[in-house]
Amino acid sequence: MFSKVVQKTIKLMARQSIAKNLINKILPTEMLERIFLLLTPGDIKMGVLVCRRWRDVGEDPRLWSWVMVTVTEKNLDSMPDVMGSKRMSAVKTLGMRAVSDRLIHAMVKHPGLRKLEMHANMNTNLSSIDPPLLARALGKLDSVDMFKVQLTCQQAEALMNTISSGSNLQHLNIGFGRAGL
């Protein structure tokens with residue numbers, strides 16, 4: 001659909017000898033936003049690369065709610081900043097394969113995060129994370145699936161206290177690794 005609109009626009013502009021960049025002058029922002037809402041995820045990714053104006057329109061969090069962010073050792077340092085971006089504020093699911101204090105703080109601050117998936121972990125060690133911080137981050141979610149994790153007794157106790165005192169958590173599935181539990 002997007003490519004047909006672009007093709008028709010290019011043909012029209014060529015026929016009328018209009019400068020290439022004129023589409024940004026004639027096309028109201030509201031129309032561009034509506035077009036972006038009709039695009040597939042792949043087309044959205046390409047659309048934000050066209051020009052600065054299209055990138056700015058493409059920053060709308062509604063366009064990126066389909067994204068599942070996966071944290072690995074390779075991207076761990078940059079993920080707190082990525083999660084704090086406007087574009088990623090509607091992301092609902094986080095796949096975690098690596099962890100840091102900065103990442104847990106970013107989870108607490110993230111407005112749209114609802115689900116944590118830690119399925120592909122090889123004994124992820126969460127024991128260095130501050131127990132109240134970890135409990136606060138997990139307690140704000142709706143669903144947590146963690147397998148082969150290493151938690152301390154203090155972390156498990158803080159999480160259970162958070163759940164019992166009222167949290168959003170509706171689904172909790174924890175499979176323990178070699179830890180204090």
# chains A, B, ... in the order shown; residues from 1 in each chain; ligands from 1
$ residues_around --residues "Phe147 in chain A" --least-positions-apart "5" --cutoff "6 Å" --atoms "only C-alpha atoms" --output "list in words"
His119, Ile174 and Gly175 of chain A
$ select_by_dssp --residues "range 18-180 of chain A" --states "helix (DSSP H, G or I)" --output "ChimeraX atom specification"
/A:20-26,29-38,41-47,52-58,61-64,79-83,87-90,101-109,131-139,153-164
$ write_last_selection --atoms "C-alpha atoms" --output "PDB file, in the first residue's frame"
ATOM      1  CA  LYS A  20      11.571  16.224  -5.126  1.00  0.00           C
ATOM      2  CA  ASN A  21      11.258  17.662  -1.638  1.00  0.00           C
ATOM      3  CA  LEU A  22       7.940  19.378  -2.304  1.00  0.00           C
ATOM      4  CA  ILE A  23       5.985  16.408  -0.903  1.00  0.00           C
ATOM      5  CA  ASN A  24       7.035  17.567   2.548  1.00  0.00           C
ATOM      6  CA  LYS A  25       5.599  20.996   1.822  1.00  0.00           C
ATOM      7  CA  ILE A  26       2.267  19.805   0.416  1.00  0.00           C
ATOM      8  CA  THR A  29       1.735  16.138   9.029  1.00  0.00           C
ATOM      9  CA  GLU A  30      -1.663  14.689   9.983  1.00  0.00           C
ATOM     10  CA  MET A  31      -1.898  12.897   6.624  1.00  0.00           C
ATOM     11  CA  LEU A  32       1.632  11.556   6.936  1.00  0.00           C
ATOM     12  CA  GLU A  33       0.775  10.246  10.418  1.00  0.00           C
ATOM     13  CA  ARG A  34      -2.319   8.490   9.029  1.00  0.00           C
ATOM     14  CA  ILE A  35      -0.239   6.929   6.258  1.00  0.00           C
ATOM     15  CA  PHE A  36       2.327   5.690   8.780  1.00  0.00           C
ATOM     16  CA  LEU A  37      -0.436   4.066  10.836  1.00  0.00           C
ATOM     17  CA  LEU A  38      -1.386   1.980   7.787  1.00  0.00           C
ATOM     18  CA  PRO A  41       6.419  -2.850  10.470  1.00  0.00           C
ATOM     19  CA  GLY A  42       8.937  -3.258   7.636  1.00  0.00           C
ATOM     20  CA  ASP A  43       7.563  -0.235   5.789  1.00  0.00           C
ATOM     21  CA  ILE A  44       7.659   1.842   8.991  1.00  0.00           C
ATOM     22  CA  LYS A  45      11.328   0.977   9.442  1.00  0.00           C
ATOM     23  CA  MET A  46      12.029   2.093   5.871  1.00  0.00           C
ATOM     24  CA  GLY A  47       9.807   5.179   6.109  1.00  0.00           C
ATOM     25  CA  ARG A  52      14.183  14.016   9.000  1.00  0.00           C
ATOM     26  CA  ARG A  53      10.488  14.967   8.829  1.00  0.00           C
ATOM     27  CA  TRP A  54       9.394  11.379   8.206  1.00  0.00           C
ATOM     28  CA  ARG A  55      11.667  10.206  11.030  1.00  0.00           C
ATOM     29  CA  ASP A  56      10.063  12.718  13.392  1.00  0.00           C
ATOM     30  CA  VAL A  57       6.570  11.538  12.417  1.00  0.00           C
ATOM     31  CA  GLY A  58       7.782   7.943  12.731  1.00  0.00           C
ATOM     32  CA  PRO A  61       5.106   5.395  20.005  1.00  0.00           C
ATOM     33  CA  ARG A  62       1.856   3.956  18.588  1.00  0.00           C
ATOM     34  CA  LEU A  63       3.816   2.869  15.520  1.00  0.00           C
ATOM     35  CA  TRP A  64       6.251   0.783  17.563  1.00  0.00           C
ATOM     36  CA  MET A  79      19.400  -0.719  26.033  1.00  0.00           C
ATOM     37  CA  PRO A  80      18.518   1.634  28.922  1.00  0.00           C
ATOM     38  CA  ASP A  81      18.865   4.566  26.499  1.00  0.00           C
ATOM     39  CA  VAL A  82      16.907   2.737  23.780  1.00  0.00           C
ATOM     40  CA  MET A  83      14.099   1.942  26.233  1.00  0.00           C
ATOM     41  CA  ARG A  87       9.767   5.660  19.920  1.00  0.00           C
ATOM     42  CA  MET A  88      10.089   2.774  22.380  1.00  0.00           C
ATOM     43  CA  SER A  89       7.738   4.129  25.063  1.00  0.00           C
ATOM     44  CA  ALA A  90       4.864   1.920  23.851  1.00  0.00           C
ATOM     45  CA  ASP A 101      21.265  -2.102  37.380  1.00  0.00           C
ATOM     46  CA  ARG A 102      20.798   0.557  34.657  1.00  0.00           C
ATOM     47  CA  LEU A 103      18.501  -1.783  32.742  1.00  0.00           C
ATOM     48  CA  ILE A 104      16.367  -2.502  35.823  1.00  0.00           C
ATOM     49  CA  HIS A 105      16.107   1.255  36.498  1.00  0.00           C
ATOM     50  CA  ALA A 106      15.015   1.745  32.864  1.00  0.00           C
ATOM     51  CA  MET A 107      12.349  -0.947  33.349  1.00  0.00           C
ATOM     52  CA  VAL A 108      10.980   0.895  36.377  1.00  0.00           C
ATOM     53  CA  LYS A 109      10.780   4.162  34.390  1.00  0.00           C
ATOM     54  CA  PRO A 131      16.168  -6.514  46.025  1.00  0.00           C
ATOM     55  CA  PRO A 132      13.708  -3.571  46.384  1.00  0.00           C
ATOM     56  CA  LEU A 133      14.642  -2.290  42.907  1.00  0.00           C
ATOM     57  CA  LEU A 134      14.122  -5.706  41.313  1.00  0.00           C
ATOM     58  CA  ALA A 135      10.811  -6.157  43.159  1.00  0.00           C
ATOM     59  CA  ARG A 136       9.625  -2.701  42.035  1.00  0.00           C
ATOM     60  CA  ALA A 137      10.564  -3.418  38.395  1.00  0.00           C
ATOM     61  CA  LEU A 138       8.872  -6.824  38.331  1.00  0.00           C
ATOM     62  CA  GLY A 139       5.878  -5.678  40.400  1.00  0.00           C
ATOM     63  CA  CYS A 153      16.399 -15.058  49.309  1.00  0.00           C
ATOM     64  CA  GLN A 154      16.189 -11.284  49.928  1.00  0.00           C
ATOM     65  CA  GLN A 155      15.151 -10.677  46.308  1.00  0.00           C
ATOM     66  CA  ALA A 156      12.486 -13.394  46.420  1.00  0.00           C
ATOM     67  CA  GLU A 157      11.184 -12.031  49.723  1.00  0.00           C
ATOM     68  CA  ALA A 158      11.072  -8.453  48.370  1.00  0.00           C
ATOM     69  CA  LEU A 159       9.203  -9.668  45.283  1.00  0.00           C
ATOM     70  CA  MET A 160       6.647 -11.602  47.360  1.00  0.00           C
ATOM     71  CA  ASN A 161       6.150  -8.573  49.636  1.00  0.00           C
ATOM     72  CA  THR A 162       5.576  -6.365  46.588  1.00  0.00           C
ATOM     73  CA  ILE A 163       3.037  -8.823  45.198  1.00  0.00           C
ATOM     74  CA  SER A 164       1.184  -9.179  48.514  1.00  0.00           C
TER      75      SER A 164
END
$ residues_around --residues "Asp142 in chain A" --least-positions-apart "2" --cutoff "6 Å" --atoms "only C-alpha atoms" --output "list in words"
Arg114, Lys115, Asn168, Leu169 and Gln170 of chain A
$ write_last_selection --atoms "C-alpha atoms" --output "PDB file, in the first residue's frame"
ATOM      1  CA  ARG A 114       3.953  -5.042  30.668  1.00  0.00           C
ATOM      2  CA  LYS A 115       5.772  -8.324  30.124  1.00  0.00           C
ATOM      3  CA  ASN A 168       0.137  -5.265  38.719  1.00  0.00           C
ATOM      4  CA  LEU A 169       1.634  -8.748  38.502  1.00  0.00           C
ATOM      5  CA  GLN A 170      -0.998 -11.260  37.367  1.00  0.00           C
TER       6      GLN A 170
END
$ select_by_dssp --residues "range 81-154 of chain A" --states "strand (DSSP E)" --output "mmCIF file with N, CA and C atoms, in the first residue's frame"
data_model
loop_
_atom_site.group_PDB
_atom_site.id
_atom_site.type_symbol
_atom_site.label_atom_id
_atom_site.label_comp_id
_atom_site.auth_asym_id
_atom_site.auth_seq_id
_atom_site.Cartn_x
_atom_site.Cartn_y
_atom_site.Cartn_z
ATOM 1 N N THR A 93 6.743 -5.630 25.641
ATOM 2 C CA THR A 93 7.443 -6.862 26.014
ATOM 3 C C THR A 93 8.951 -6.683 25.938
ATOM 4 N N LEU A 94 9.621 -7.150 26.981
ATOM 5 C CA LEU A 94 11.077 -7.129 27.036
ATOM 6 C C LEU A 94 11.587 -8.554 27.156
ATOM 7 N N GLY A 95 12.449 -8.943 26.223
ATOM 8 C CA GLY A 95 13.139 -10.223 26.318
ATOM 9 C C GLY A 95 14.496 -9.954 26.934
ATOM 10 N N MET A 96 14.789 -10.594 28.041
ATOM 11 C CA MET A 96 16.024 -10.293 28.753
ATOM 12 C C MET A 96 16.947 -11.500 28.750
ATOM 13 N N LYS A 115 5.419 -6.911 30.094
ATOM 14 C CA LYS A 115 5.772 -8.324 30.124
ATOM 15 C C LYS A 115 7.286 -8.497 30.045
ATOM 16 N N LEU A 116 7.808 -9.423 30.871
ATOM 17 C CA LEU A 116 9.214 -9.778 30.846
ATOM 18 C C LEU A 116 9.327 -11.252 30.503
ATOM 19 N N GLU A 117 10.141 -11.546 29.488
ATOM 20 C CA GLU A 117 10.385 -12.930 29.089
ATOM 21 C C GLU A 117 11.866 -13.224 29.207
ATOM 22 N N MET A 118 12.182 -14.193 30.037
ATOM 23 C CA MET A 118 13.563 -14.635 30.205
ATOM 24 C C MET A 118 13.622 -16.137 29.944
ATOM 25 N N THR A 124 20.889 -16.908 34.262
ATOM 26 C CA THR A 124 21.061 -15.472 34.429
ATOM 27 C C THR A 124 21.151 -15.133 35.908
ATOM 28 N N ASN A 125 22.190 -14.449 36.259
ATOM 29 C CA ASN A 125 22.432 -14.119 37.654
ATOM 30 C C ASN A 125 21.868 -12.740 37.967
ATOM 31 N N SER A 143 3.051 -9.553 33.585
ATOM 32 C CA SER A 143 3.463 -10.938 33.379
ATOM 33 C C SER A 143 4.984 -11.056 33.418
ATOM 34 N N VAL A 144 5.481 -12.040 34.171
ATOM 35 C CA VAL A 144 6.918 -12.300 34.275
ATOM 36 C C VAL A 144 7.158 -13.788 34.109
ATOM 37 N N ASP A 145 7.988 -14.145 33.125
ATOM 38 C CA ASP A 145 8.436 -15.519 32.913
ATOM 39 C C ASP A 145 9.949 -15.525 32.996
ATOM 40 N N MET A 146 10.490 -16.179 34.033
ATOM 41 C CA MET A 146 11.942 -16.244 34.217
ATOM 42 C C MET A 146 12.335 -17.700 34.471
ATOM 43 N N PHE A 147 13.262 -18.199 33.663
ATOM 44 C CA PHE A 147 13.732 -19.565 33.832
ATOM 45 C C PHE A 147 15.246 -19.565 33.997
ATOM 46 N N LYS A 148 15.724 -20.482 34.825
ATOM 47 C CA LYS A 148 17.160 -20.600 35.111
ATOM 48 C C LYS A 148 17.729 -19.294 35.620
ATOM 49 N N VAL A 149 17.025 -18.643 36.526
ATOM 50 C CA VAL A 149 17.509 -17.395 37.113
ATOM 51 C C VAL A 149 18.146 -17.661 38.457
ATOM 52 N N GLN A 150 19.001 -16.775 38.841
ATOM 53 C CA GLN A 150 19.630 -16.847 40.152
ATOM 54 C C GLN A 150 19.177 -15.643 40.958
#
$ atom_distance --atom1 "CA of Leu141 in chain A" --atom2 "CA of Val91 in chain A"
12.3 Å
$ atom_distance --atom1 "CA of Thr72 in chain A" --atom2 "CA of Arg97 in chain A"
4.9 Å
$ atom_distance --atom1 "CA of Asp77 in chain A" --atom2 "CA of Ala98 in chain A"
10.0 Å
$ closest_residue --among "A:His171, A:Lys92, A:Lys140, A:Lys86" --to "Met68 in chain A" --atoms "only C-alpha atoms"
A:Lys92
